[in-house]
>>> print(open('protein33.txt').read())   # compact mmCIF, C-alpha atoms
# COMPACT_ATOMS: atom_id res chain seq x y z
CA MET H 11 -10.47 -10.32 -52.03
CA ILE H 12 -14.22 -11.00 -52.06
CA GLU H 13 -16.04 -9.94 -55.19
CA THR H 14 -19.31 -8.12 -54.67
CA THR H 15 -22.28 -6.89 -56.65
CA ASN H 16 -24.96 -4.24 -56.09
CA ILE H 17 -28.53 -5.32 -55.44
CA LYS H 18 -31.74 -3.50 -54.58
CA ALA H 19 -32.97 -3.48 -51.01
CA TYR H 20 -35.16 -1.61 -48.53
CA GLY H 21 -33.59 -0.42 -45.32
CA THR H 22 -33.17 2.40 -42.89
CA ALA H 23 -30.25 4.72 -42.16
CA ALA H 24 -31.32 5.71 -38.63
CA ALA H 25 -33.69 4.77 -35.83
CA GLU H 26 -36.06 7.63 -36.59
CA ALA H 27 -35.92 7.22 -40.38
CA PRO H 28 -38.43 5.27 -42.48
CA LEU H 29 -37.39 2.33 -44.63
CA ASN H 30 -36.43 3.46 -48.12
CA PRO H 31 -34.95 1.94 -51.28
CA MET H 32 -31.18 1.53 -51.17
CA ASP H 33 -28.45 -0.37 -52.94
CA ILE H 34 -26.41 -2.84 -50.90
CA GLN H 35 -23.40 -5.06 -51.55
CA ARG H 36 -23.72 -8.83 -51.68
CA ARG H 37 -20.72 -11.11 -52.12
CA ILE H 38 -20.43 -13.19 -55.26
CA PRO H 39 -20.95 -16.80 -54.10
CA THR H 40 -17.80 -18.43 -52.77
CA ALA H 41 -17.14 -22.18 -52.98
CA HIS H 42 -19.87 -23.29 -50.53
CA ASP H 43 -22.35 -20.46 -51.07
CA VAL H 44 -25.69 -20.37 -52.82
CA GLN H 45 -27.33 -17.24 -54.17
CA ILE H 46 -31.07 -17.10 -53.61
CA GLU H 47 -33.50 -14.90 -55.51
CA ILE H 48 -35.89 -13.90 -52.73
CA GLN H 49 -39.54 -14.50 -53.57
CA TYR H 50 -41.12 -13.86 -50.16
CA CYS H 51 -39.93 -12.40 -46.88
CA GLY H 52 -41.95 -12.40 -43.67
CA VAL H 53 -42.14 -9.33 -41.46
CA CYS H 54 -41.19 -10.18 -37.88
CA HIS H 55 -41.67 -7.87 -34.90
CA SER H 56 -37.90 -8.23 -34.43
CA ASP H 57 -37.48 -6.40 -37.73
CA LEU H 58 -39.29 -3.40 -36.33
CA HIS H 59 -37.45 -3.50 -33.00
CA THR H 60 -34.10 -3.63 -34.78
CA ALA H 61 -34.88 -1.01 -37.42
CA LYS H 62 -35.90 1.42 -34.67
CA ASN H 63 -32.98 0.43 -32.39
CA GLU H 64 -35.41 -0.50 -29.60
CA TRP H 65 -33.15 -3.33 -28.45
CA ARG H 66 -30.06 -1.12 -28.83
CA GLY H 67 -27.03 -2.13 -30.86
CA THR H 68 -28.49 -1.69 -34.35
CA ILE H 69 -25.82 -1.19 -37.00
CA TYR H 70 -26.87 1.25 -39.71
CA PRO H 71 -27.70 1.06 -42.51
CA CYS H 72 -30.05 -1.76 -41.52
CA VAL H 73 -31.88 -4.04 -43.94
CA PRO H 74 -34.21 -6.32 -41.90
CA GLY H 75 -35.79 -9.63 -42.83
CA HIS H 76 -35.06 -13.18 -41.59
CA GLU H 77 -38.03 -15.17 -42.88
CA ILE H 78 -36.80 -15.79 -46.42
CA VAL H 79 -38.12 -18.12 -49.12
CA GLY H 80 -36.74 -18.11 -52.64
CA LYS H 81 -35.13 -19.90 -55.55
CA ILE H 82 -31.46 -20.72 -55.92
CA ILE H 83 -30.05 -18.95 -58.97
CA ARG H 84 -26.33 -19.62 -58.52
CA VAL H 85 -24.16 -22.09 -56.61
CA GLY H 86 -20.50 -22.13 -55.61
CA ASP H 87 -18.07 -24.62 -57.11
CA HIS H 88 -18.15 -26.99 -54.11
CA VAL H 89 -21.84 -26.85 -53.20
CA SER H 90 -23.19 -30.38 -52.76
CA LYS H 91 -26.53 -30.00 -50.97
CA PHE H 92 -28.43 -27.82 -53.46
CA LYS H 93 -28.68 -27.01 -57.13
CA VAL H 94 -29.89 -24.12 -59.25
CA GLY H 95 -33.70 -24.02 -59.26
CA ASP H 96 -34.19 -25.46 -55.76
CA ILE H 97 -36.77 -23.69 -53.58
CA VAL H 98 -35.21 -23.01 -50.21
CA GLY H 99 -35.48 -20.99 -47.02
CA VAL H 100 -33.20 -18.93 -44.81
CA GLY H 101 -34.12 -18.15 -41.23
CA CYS H 102 -32.44 -16.13 -38.49
CA ILE H 103 -28.96 -17.70 -38.77
CA VAL H 104 -26.57 -17.45 -41.73
CA ASP H 105 -23.40 -18.63 -39.99
CA SER H 106 -21.85 -19.56 -36.64
CA CYS H 107 -18.43 -20.57 -35.32
CA ARG H 108 -19.15 -24.26 -36.13
CA GLU H 109 -16.63 -25.34 -33.47
CA CYS H 110 -18.08 -24.63 -30.02
CA GLN H 111 -19.99 -27.26 -28.05
CA TYR H 112 -23.35 -25.80 -29.02
CA CYS H 113 -22.62 -25.65 -32.75
CA GLN H 114 -21.39 -29.25 -32.52
CA GLU H 115 -24.71 -30.19 -30.87
CA GLY H 116 -26.78 -28.48 -33.58
CA LEU H 117 -27.64 -25.56 -31.32
CA GLU H 118 -26.19 -22.83 -33.51
CA GLN H 119 -28.63 -20.31 -32.04
CA TYR H 120 -26.62 -20.53 -28.80
CA CYS H 121 -23.18 -20.40 -30.48
CA GLU H 122 -20.69 -19.37 -27.78
CA PRO H 123 -18.86 -16.66 -29.78
CA GLY H 124 -22.25 -15.65 -31.19
CA MET H 125 -24.17 -16.75 -34.25
CA THR H 126 -24.14 -14.61 -37.39
CA GLY H 127 -27.65 -13.25 -37.73
CA THR H 128 -29.24 -12.84 -41.13
CA TYR H 129 -29.15 -9.10 -40.52
CA ASN H 130 -27.45 -6.70 -38.10
CA SER H 131 -24.46 -8.97 -37.42
CA PRO H 132 -20.82 -8.42 -38.41
CA ASP H 133 -20.40 -9.91 -41.88
CA LYS H 134 -17.53 -12.43 -41.94
CA TYR H 135 -16.71 -11.54 -45.53
CA LEU H 136 -17.38 -7.82 -45.89
CA ASP H 137 -16.60 -4.80 -43.76
CA ALA H 138 -20.29 -4.18 -43.14
CA PRO H 139 -23.26 -5.60 -41.24
CA THR H 140 -25.19 -8.52 -42.67
CA PHE H 141 -28.24 -7.44 -44.63
CA GLY H 142 -31.55 -9.28 -44.50
CA GLY H 143 -34.36 -10.38 -46.74
CA TYR H 144 -35.91 -7.04 -47.68
CA SER H 145 -33.82 -7.35 -50.83
CA GLU H 146 -33.63 -8.90 -54.28
CA SER H 147 -31.33 -11.75 -53.32
CA VAL H 148 -29.14 -13.14 -50.58
CA VAL H 149 -25.95 -15.22 -50.53
CA VAL H 150 -25.70 -17.86 -47.79
CA ASP H 151 -23.42 -20.80 -47.00
CA GLU H 152 -25.23 -24.00 -48.01
CA ASN H 153 -24.99 -25.36 -44.45
CA TYR H 154 -27.39 -22.65 -43.25
CA VAL H 155 -29.96 -23.09 -46.02
CA LEU H 156 -33.17 -25.09 -45.58
CA ARG H 157 -35.33 -27.20 -47.87
CA ILE H 158 -38.99 -26.21 -48.23
CA PRO H 159 -41.59 -29.01 -48.44
CA GLU H 160 -43.16 -29.03 -51.89
CA ASN H 161 -46.77 -29.11 -50.66
CA LEU H 162 -46.61 -25.85 -48.67
CA ASP H 163 -47.69 -22.45 -49.94
CA LEU H 164 -44.42 -20.56 -50.29
CA ALA H 165 -45.58 -17.14 -49.09
CA ALA H 166 -47.29 -18.58 -46.01
CA THR H 167 -44.23 -20.73 -45.31
CA ALA H 168 -41.91 -17.73 -44.92
CA PRO H 169 -42.96 -16.95 -41.30
CA LEU H 170 -42.17 -20.52 -40.31
CA LEU H 171 -38.48 -19.57 -40.57
CA CYS H 172 -38.84 -17.50 -37.38
CA ALA H 173 -42.32 -17.71 -35.84
CA GLY H 174 -42.58 -21.41 -36.67
CA ILE H 175 -39.26 -22.48 -35.21
CA THR H 176 -39.59 -20.12 -32.22
CA THR H 177 -42.72 -22.01 -31.13
CA PHE H 178 -41.77 -25.49 -32.40
CA SER H 179 -38.43 -25.60 -30.56
CA PRO H 180 -39.76 -25.32 -26.97
CA LEU H 181 -42.76 -27.53 -27.72
CA ARG H 182 -40.37 -30.22 -29.00
CA HIS H 183 -37.79 -29.65 -26.23
CA TRP H 184 -40.38 -30.11 -23.47
CA ASN H 185 -41.77 -33.20 -25.25
CA VAL H 186 -45.28 -31.91 -25.83
CA GLY H 187 -47.52 -34.68 -27.09
CA PRO H 188 -50.61 -36.83 -26.57
CA GLY H 189 -52.27 -36.77 -23.18
CA GLN H 190 -50.81 -33.39 -22.22
CA LYS H 191 -52.70 -30.19 -21.55
CA VAL H 192 -50.78 -27.31 -23.12
CA GLY H 193 -51.50 -23.63 -22.71
CA ILE H 194 -50.69 -21.05 -25.39
CA VAL H 195 -50.67 -17.49 -24.05
CA GLY H 196 -51.32 -14.79 -26.65
CA ILE H 197 -52.91 -15.25 -30.08
CA GLY H 198 -50.66 -13.28 -32.39
CA GLY H 199 -47.80 -13.92 -34.79
CA LEU H 200 -46.14 -16.41 -32.45
CA GLY H 201 -49.18 -17.64 -30.56
CA HIS H 202 -51.18 -18.61 -33.63
CA MET H 203 -48.30 -20.82 -34.75
CA GLY H 204 -48.02 -22.29 -31.26
CA ILE H 205 -51.66 -23.34 -31.33
CA LYS H 206 -51.30 -25.01 -34.74
CA ILE H 207 -48.09 -26.84 -33.89
CA ALA H 208 -49.15 -27.99 -30.40
CA LYS H 209 -52.41 -29.32 -31.87
CA ALA H 210 -50.49 -31.20 -34.57
CA MET H 211 -48.39 -32.75 -31.79
CA ALA H 212 -51.67 -34.20 -30.47
CA ALA H 213 -51.75 -32.14 -27.28
CA HIS H 214 -54.96 -30.80 -25.74
CA VAL H 215 -54.53 -27.08 -26.45
CA ILE H 216 -55.91 -24.30 -24.26
CA ALA H 217 -55.51 -20.78 -25.62
CA PHE H 218 -55.39 -17.77 -23.29
CA THR H 219 -56.37 -14.33 -24.52
CA THR H 220 -57.33 -10.95 -23.07
CA SER H 221 -60.00 -10.49 -25.74
CA GLU H 222 -63.29 -12.38 -26.05
CA SER H 223 -63.33 -11.38 -29.72
CA LYS H 224 -60.48 -13.86 -30.31
CA PHE H 225 -62.35 -16.90 -29.01
CA ALA H 226 -63.65 -17.99 -32.40
CA GLU H 227 -60.25 -17.36 -34.00
CA ALA H 228 -58.48 -19.50 -31.43
CA LYS H 229 -60.91 -22.35 -32.06
CA ARG H 230 -60.43 -21.97 -35.82
CA LEU H 231 -56.67 -22.23 -35.36
CA GLY H 232 -57.10 -25.49 -33.47
CA ALA H 233 -57.51 -24.67 -29.77
CA ASP H 234 -59.65 -27.18 -27.86
CA GLU H 235 -60.53 -24.59 -25.22
CA VAL H 236 -60.20 -20.82 -24.90
CA VAL H 237 -59.83 -18.89 -21.65
CA LEU H 238 -60.34 -15.18 -21.02
CA SER H 239 -57.24 -14.43 -18.97
CA LYS H 240 -58.82 -11.33 -17.37
CA ASP H 241 -61.53 -13.49 -15.79
CA GLU H 242 -60.30 -14.82 -12.44
CA GLU H 243 -62.99 -17.48 -12.31
CA GLN H 244 -62.08 -18.86 -15.74
CA MET H 245 -58.39 -18.83 -14.85
CA GLY H 246 -59.03 -20.46 -11.50
CA ALA H 247 -60.69 -23.43 -13.16
CA TYR H 248 -57.28 -24.40 -14.62
CA THR H 249 -55.19 -24.07 -11.45
CA GLY H 250 -52.71 -26.97 -11.30
CA LYS H 251 -54.04 -28.51 -14.52
CA LEU H 252 -51.49 -27.78 -17.30
CA ASN H 253 -48.37 -29.76 -18.18
CA PHE H 254 -46.76 -27.01 -20.22
CA ILE H 255 -47.37 -23.37 -21.11
CA LEU H 256 -45.90 -21.50 -24.08
CA ASP H 257 -46.01 -17.77 -23.32
CA ALA H 258 -45.85 -15.71 -26.52
CA VAL H 259 -46.73 -12.32 -25.00
CA SER H 260 -44.25 -9.46 -25.37
CA ALA H 261 -46.21 -6.95 -23.28
CA GLU H 262 -45.99 -6.77 -19.50
CA HIS H 263 -48.29 -9.31 -17.85
CA ASP H 264 -48.68 -11.29 -14.61
CA ILE H 265 -46.52 -14.35 -15.14
CA ASN H 266 -47.52 -15.74 -11.74
CA ALA H 267 -51.12 -16.09 -12.89
CA TYR H 268 -49.91 -18.61 -15.48
CA LEU H 269 -47.33 -20.37 -13.30
CA ASN H 270 -50.22 -21.15 -10.93
CA LEU H 271 -51.89 -23.13 -13.72
CA LEU H 272 -49.04 -25.64 -13.99
CA ARG H 273 -49.17 -29.15 -12.56
CA VAL H 274 -46.38 -30.46 -10.35
CA ASP H 275 -43.20 -30.54 -12.48
CA GLY H 276 -44.89 -28.39 -15.13
CA SER H 277 -42.92 -25.85 -17.17
CA LEU H 278 -43.62 -22.44 -18.64
CA ALA H 279 -41.40 -21.32 -21.53
CA LEU H 280 -41.29 -17.65 -22.48
CA VAL H 281 -40.79 -16.85 -26.16
CA GLY H 282 -42.22 -13.33 -26.06
CA ALA H 283 -39.81 -10.55 -25.08
CA PRO H 284 -41.36 -8.03 -22.68
CA GLU H 285 -39.39 -4.80 -22.40
CA ASN H 286 -39.24 -4.88 -18.59
CA PRO H 287 -38.47 -7.74 -16.17
CA LEU H 288 -41.41 -9.88 -15.08
CA PRO H 289 -41.70 -10.28 -11.28
CA VAL H 290 -41.82 -13.96 -10.30
CA ALA H 291 -43.08 -14.96 -6.85
CA ALA H 292 -40.99 -17.71 -5.26
CA PHE H 293 -44.09 -19.63 -4.20
CA SER H 294 -45.30 -19.71 -7.82
CA LEU H 295 -42.39 -22.07 -8.45
CA ILE H 296 -41.55 -23.93 -5.28
CA MET H 297 -45.11 -25.05 -4.53
CA GLY H 298 -45.08 -27.67 -7.24
CA ARG H 299 -41.45 -27.94 -8.38
CA LYS H 300 -42.33 -25.84 -11.42
CA SER H 301 -39.93 -24.43 -14.00
CA PHE H 302 -39.88 -21.00 -15.64
CA ALA H 303 -37.74 -21.05 -18.77
CA GLY H 304 -37.04 -19.25 -22.01
CA SER H 305 -36.32 -20.33 -25.56
CA MET H 306 -34.91 -18.73 -28.70
CA ILE H 307 -35.49 -19.98 -32.28
CA GLY H 308 -33.74 -23.28 -33.10
CA GLY H 309 -30.64 -24.67 -34.76
CA ILE H 310 -30.43 -25.54 -38.44
CA ALA H 311 -31.26 -29.24 -38.03
CA GLU H 312 -34.21 -28.49 -35.76
CA THR H 313 -35.48 -25.82 -38.14
CA GLN H 314 -35.42 -28.38 -40.94
CA GLU H 315 -37.26 -30.80 -38.65
CA MET H 316 -39.89 -28.11 -38.05
CA LEU H 317 -40.33 -27.49 -41.78
CA ASP H 318 -40.70 -31.21 -42.45
CA PHE H 319 -43.21 -31.50 -39.59
CA CYS H 320 -45.21 -28.58 -40.99
CA GLY H 321 -45.09 -30.18 -44.43
CA GLU H 322 -46.40 -33.46 -43.00
CA HIS H 323 -49.25 -31.67 -41.18
CA ASN H 324 -49.83 -28.97 -43.82
CA ILE H 325 -49.13 -26.14 -41.37
CA VAL H 326 -48.38 -22.61 -42.56
CA ALA H 327 -48.87 -19.14 -41.11
CA ASP H 328 -51.97 -17.01 -41.59
CA ILE H 329 -50.65 -14.10 -43.62
CA GLU H 330 -51.43 -10.80 -45.28
CA MET H 331 -49.37 -10.14 -48.42
CA ILE H 332 -47.88 -6.71 -49.06
CA ASP H 333 -45.52 -5.08 -51.54
CA ILE H 334 -42.19 -3.83 -50.24
CA GLN H 335 -43.34 -0.27 -50.93
CA GLU H 336 -45.94 -0.73 -48.16
CA ILE H 337 -43.43 -1.71 -45.48
CA ASN H 338 -43.61 1.51 -43.44
CA GLU H 339 -47.41 1.30 -43.30
CA ALA H 340 -47.08 -2.36 -42.29
CA TYR H 341 -44.77 -1.38 -39.41
CA GLU H 342 -47.36 1.13 -38.18
CA ARG H 343 -50.06 -1.53 -38.31
CA LEU H 344 -47.77 -4.02 -36.59
CA LEU H 345 -47.38 -1.61 -33.68
CA LYS H 346 -51.18 -1.55 -33.34
CA GLY H 347 -51.52 -5.33 -33.62
CA ASP H 348 -53.47 -4.82 -36.83
CA VAL H 349 -52.51 -7.99 -38.71
CA LYS H 350 -53.75 -11.60 -38.75
CA TYR H 351 -51.19 -12.84 -38.16
CA ARG H 352 -48.05 -12.11 -40.18
CA PHE H 353 -47.22 -9.72 -42.98
CA VAL H 354 -45.31 -11.29 -45.86
CA ILE H 355 -43.63 -9.20 -48.54
CA ASP H 356 -43.99 -10.25 -52.18
CA MET H 357 -40.41 -9.49 -53.16
CA ALA H 358 -41.30 -9.41 -56.86
CA SER H 359 -42.39 -5.86 -56.01
CA ILE H 360 -38.79 -4.75 -55.46
CA ARG H 361 -37.92 -5.86 -58.99
CA GLU H 362 -41.08 -4.75 -60.74
CA LYS H 363 -41.96 -1.47 -58.99
CA SER H 364 -38.64 0.04 -57.86
>>> encode(input="protein33.txt", output="structure tokens")
Amino acid sequence: MIETTNIKAYGTAAAEAPLNPMDIQRRIPTAHDVQIEIQYCGVCHSDLHTAKNEWRGTIYPCVPGHEIVGKIIRVGDHVSKFKVGDIVGVGCIVDSCRECQYCQEGLEQYCEPGMTGTYNSPDKYLDAPTFGGYSESVVVDENYVLRIPENLDLAATAPLLCAGITTFSPLRHWNVGPGQKVGIVGIGGLGHMGIKIAKAMAAHVIAFTTSESKFAEAKRLGADEVVLSKDEEQMGAYTGKLNFILDAVSAEHDINAYLNLLRVDGSLALVGAPENPLPVAAFSLIMGRKSFAGSMIGGIAETQEMLDFCGEHNIVADIEMIDIQEINEAYERLLKGDVKYRFVIDMASIREKS
């Protein structure tokens, strides 16, 4: 029998319902668990998609949140990696099978039986879905907990647990570095992190945007050049010039226009998630031995590598802080793209104002 306790959370009971206060069950830490008092939780677009069942398969009640930073307040009897008082993070993964080839390779995000997501996954301990970071605390196996560099602002670090690793992983996998020209498509929650990380990897960064109003912002974030993607002449100037492109756009767009910008053997990795399939012309790929790929978050070891890299280069997200009571308004603004560039919830508000 697993002992449980009630904690405060914010979640939704149905796709059409707003997020409201609710009590949820958390397990009392078992031998290898740590209990984390959540201080900050980032708001990811995935939270909104899942809460509203836009990707189908949402298990209700649903408590979103997978960009978690907090303080350990309790440890299990056999915990060896952490102690009470440590400041730690939890990203999108709280467990996996640990036995398949991908888990053995540190690629838990591609676990063959399926990773256990921080929310909306079957809970291995309780007859319920996992519940995320829009809550007072969370209990996680120590092997899926991450150390936060001491020099980083904690609130602005929270989005690194999803947006940071989502952009870092493909940039690292495709060996982005000095002497390479790297395109970042879209300057939003993911794209702004892509610009910062690619620049810190010493690449020459070219940002692509549909809005001239974002030119100055892209330069501030670290882009060496900015291109208005609606301007055929500007786009044409980069034909065959880029080594790698990170596409962070979730809306429908012409992927061929960007594939045409790649050099021979260049690659484009999609991290945005458009609702409908993107038509790809065969000649956009075969005339240059180009690759069109996708990427999803990162494993635990790589996520720790990303955090350490961001600590070394003092990289955090650009954020707007909110109280949990403002989450429904934040979702409405997120739908309109009205945030630069990530909302982060001050989770003290769930303890102080609920």
>>> residues_around(input="protein33.txt", residues="H:Val85", least_positions_apart="3", cutoff="7 Å", atoms="all atoms listed in the file", output="MDAnalysis selection string")
chainID H and resid 39 43:45 89 93:94
>>> residues_near_point(input="protein33.txt", point="(-46.5, -15.9, -45.5)", cutoff="10 Å", atoms="only C-alpha atoms", output="ChimeraX atom specification")
/H:50-53,77-79,163-170,326-332,351-356
>>> residues_around(input="protein33.txt", residues="H:Ile97", least_positions_apart="5", cutoff="10 Å", atoms="all atoms listed in the file", output="list in words")
Ile46, Glu47, Ile48, Gln49, Val79, Gly80, Lys81, Ile82, Ile83, Phe92, Leu156, Arg157, Ile158, Pro159, Glu160 and Leu164 of chain H
>>> atom_distance(input="protein33.txt", atom1="atom CA of H:Ser179", atom2="atom CA of H:Lys206")
13.5 Å
>>> residues_around(input="protein33.txt", residues="H:Tyr70", least_positions_apart="6", cutoff="8 Å", atoms="all atoms listed in the file", output="PyMOL selection string")
chain H and resi 22-24+139
>>> residues_near_point(input="protein33.txt", point="(-30.7, -31.0, -29.8)", cutoff="12 Å", atoms="all atoms listed in the file", output="list in words")
Gln111, Tyr112, Cys113, Gln114, Glu115, Gly116, Leu117, Glu118, Gln119, Tyr120, Ser179, Pro180, Arg182, His183, Trp184, Gly308, Gly309, Ile310, Ala311, Glu312, Thr313 and Glu315 of chain H
>>> closest_residue(input="protein33.txt", among="H:Thr40, H:Gln335, H:Asn30, H:Asn130", to="H:Ile360", atoms="only C-alpha atoms")
H:Gln335
>>> residues_around(input="protein33.txt", residues="H:Asn16", least_positions_apart="3", cutoff="12 Å", atoms="only C-alpha atoms", output="PyMOL selection string")
chain H and resi 13+19+32-38+145-148
>>> residues_around(input="protein33.txt", residues="H:Val104", least_positions_apart="5", cutoff="8 Å", atoms="all atoms listed in the file", output="JSON, numbers by chain")
{"H": [125, 126, 127, 128, 150, 151, 154, 155]}
>>> write_last_selection(input="protein33.txt", atoms="C-alpha atoms", output="short mmCIF file (atom, residue, chain, number, x, y, z; two decimals), in the coordinates of the input")
data_model
loop_
_atom_site.label_atom_id
_atom_site.label_comp_id
_atom_site.auth_asym_id
_atom_site.auth_seq_id
_atom_site.Cartn_x
_atom_site.Cartn_y
_atom_site.Cartn_z
CA MET H 125 -24.17 -16.75 -34.25
CA THR H 126 -24.14 -14.61 -37.39
CA GLY H 127 -27.65 -13.25 -37.73
CA THR H 128 -29.24 -12.84 -41.13
CA VAL H 150 -25.70 -17.86 -47.79
CA ASP H 151 -23.42 -20.80 -47.00
CA TYR H 154 -27.39 -22.65 -43.25
CA VAL H 155 -29.96 -23.09 -46.02
#
>>> closest_atom_pairs(input="protein33.txt", of="stretch 39-150 of chain H", to="stretch 238-262 of chain H", cutoff="12 Å", atoms="all atoms listed in the file", output="JSON lines")
{"residue": "H:His55", "atom": "CA", "partner": "H:Ser260", "partner_atom": "CA", "distance": 10.0}
{"residue": "H:Ser56", "atom": "CA", "partner": "H:Ser260", "partner_atom": "CA", "distance": 11.1}
{"residue": "H:His59", "atom": "CA", "partner": "H:Ser260", "partner_atom": "CA", "distance": 11.8}
>>> closest_residue(input="protein33.txt", among="H:Ile197, H:Met357, H:Ala303, H:Val236", to="H:Ser277", atoms="only C-alpha atoms")
H:Ala303
>>> closest_residue(input="protein33.txt", among="H:Leu200, H:Val149, H:Met297, H:Met211", to="H:Leu272", atoms="only C-alpha atoms")
H:Met297
>>> atom_distance(input="protein33.txt", atom1="atom CA of H:Asp133", atom2="atom CA of H:Lys363")
28.8 Å
>>> decode(input="protein33.txt", residues="stretch 202-216 of chain H", atoms="N, CA, C and O atoms", output="PDB file, in the first residue's frame")
ATOM      1  N   HIS H 202      13.137  31.848 -28.887  1.00  0.00           N
ATOM      2  CA  HIS H 202      14.025  32.777 -28.170  1.00  0.00           C
ATOM      3  C   HIS H 202      15.102  32.019 -27.406  1.00  0.00           C
ATOM      4  O   HIS H 202      16.229  32.490 -27.276  1.00  0.00           O
ATOM      5  N   MET H 203      14.768  30.798 -26.938  1.00  0.00           N
ATOM      6  CA  MET H 203      15.789  29.976 -26.295  1.00  0.00           C
ATOM      7  C   MET H 203      16.765  29.430 -27.338  1.00  0.00           C
ATOM      8  O   MET H 203      17.971  29.336 -27.086  1.00  0.00           O
ATOM      9  N   GLY H 204      16.252  29.070 -28.512  1.00  0.00           N
ATOM     10  CA  GLY H 204      17.122  28.575 -29.573  1.00  0.00           C
ATOM     11  C   GLY H 204      18.173  29.590 -29.972  1.00  0.00           C
ATOM     12  O   GLY H 204      19.340  29.241 -30.189  1.00  0.00           O
ATOM     13  N   ILE H 205      17.766  30.841 -30.077  1.00  0.00           N
ATOM     14  CA  ILE H 205      18.718  31.905 -30.422  1.00  0.00           C
ATOM     15  C   ILE H 205      19.808  32.001 -29.363  1.00  0.00           C
ATOM     16  O   ILE H 205      21.011  32.033 -29.674  1.00  0.00           O
ATOM     17  N   LYS H 206      19.407  32.044 -28.095  1.00  0.00           N
ATOM     18  CA  LYS H 206      20.388  32.194 -27.007  1.00  0.00           C
ATOM     19  C   LYS H 206      21.366  31.024 -26.966  1.00  0.00           C
ATOM     20  O   LYS H 206      22.581  31.208 -26.807  1.00  0.00           O
ATOM     21  N   ILE H 207      20.840  29.809 -27.088  1.00  0.00           N
ATOM     22  CA  ILE H 207      21.693  28.629 -26.961  1.00  0.00           C
ATOM     23  C   ILE H 207      22.604  28.480 -28.172  1.00  0.00           C
ATOM     24  O   ILE H 207      23.802  28.205 -28.033  1.00  0.00           O
ATOM     25  N   ALA H 208      22.076  28.667 -29.389  1.00  0.00           N
ATOM     26  CA  ALA H 208      22.912  28.555 -30.584  1.00  0.00           C
ATOM     27  C   ALA H 208      24.038  29.587 -30.565  1.00  0.00           C
ATOM     28  O   ALA H 208      25.173  29.298 -30.950  1.00  0.00           O
ATOM     29  N   LYS H 209      23.721  30.794 -30.096  1.00  0.00           N
ATOM     30  CA  LYS H 209      24.752  31.839 -29.991  1.00  0.00           C
ATOM     31  C   LYS H 209      25.825  31.439 -28.982  1.00  0.00           C
ATOM     32  O   LYS H 209      27.027  31.625 -29.229  1.00  0.00           O
ATOM     33  N   ALA H 210      25.406  30.856 -27.858  1.00  0.00           N
ATOM     34  CA  ALA H 210      26.378  30.423 -26.850  1.00  0.00           C
ATOM     35  C   ALA H 210      27.237  29.270 -27.361  1.00  0.00           C
ATOM     36  O   ALA H 210      28.349  29.062 -26.866  1.00  0.00           O
ATOM     37  N   MET H 211      26.741  28.522 -28.338  1.00  0.00           N
ATOM     38  CA  MET H 211      27.523  27.457 -28.962  1.00  0.00           C
ATOM     39  C   MET H 211      28.479  27.992 -30.019  1.00  0.00           C
ATOM     40  O   MET H 211      29.146  27.224 -30.705  1.00  0.00           O
ATOM     41  N   ALA H 212      28.499  29.319 -30.167  1.00  0.00           N
ATOM     42  CA  ALA H 212      29.431  30.026 -31.058  1.00  0.00           C
ATOM     43  C   ALA H 212      29.064  29.909 -32.531  1.00  0.00           C
ATOM     44  O   ALA H 212      29.902  30.115 -33.410  1.00  0.00           O
ATOM     45  N   ALA H 213      27.797  29.591 -32.818  1.00  0.00           N
ATOM     46  CA  ALA H 213      27.341  29.587 -34.202  1.00  0.00           C
ATOM     47  C   ALA H 213      27.014  31.012 -34.647  1.00  0.00           C
ATOM     48  O   ALA H 213      26.812  31.907 -33.822  1.00  0.00           O
ATOM     49  N   HIS H 214      26.966  31.209 -35.959  1.00  0.00           N
ATOM     50  CA  HIS H 214      26.469  32.458 -36.546  1.00  0.00           C
ATOM     51  C   HIS H 214      24.964  32.275 -36.694  1.00  0.00           C
ATOM     52  O   HIS H 214      24.509  31.421 -37.470  1.00  0.00           O
ATOM     53  N   VAL H 215      24.186  33.053 -35.954  1.00  0.00           N
ATOM     54  CA  VAL H 215      22.746  32.808 -35.816  1.00  0.00           C
ATOM     55  C   VAL H 215      21.942  33.770 -36.683  1.00  0.00           C
ATOM     56  O   VAL H 215      22.097  34.994 -36.586  1.00  0.00           O
ATOM     57  N   ILE H 216      21.075  33.187 -37.511  1.00  0.00           N
ATOM     58  CA  ILE H 216      20.167  33.978 -38.342  1.00  0.00           C
ATOM     59  C   ILE H 216      18.743  33.666 -37.903  1.00  0.00           C
ATOM     60  O   ILE H 216      18.312  32.509 -37.956  1.00  0.00           O
TER      61      ILE H 216
END
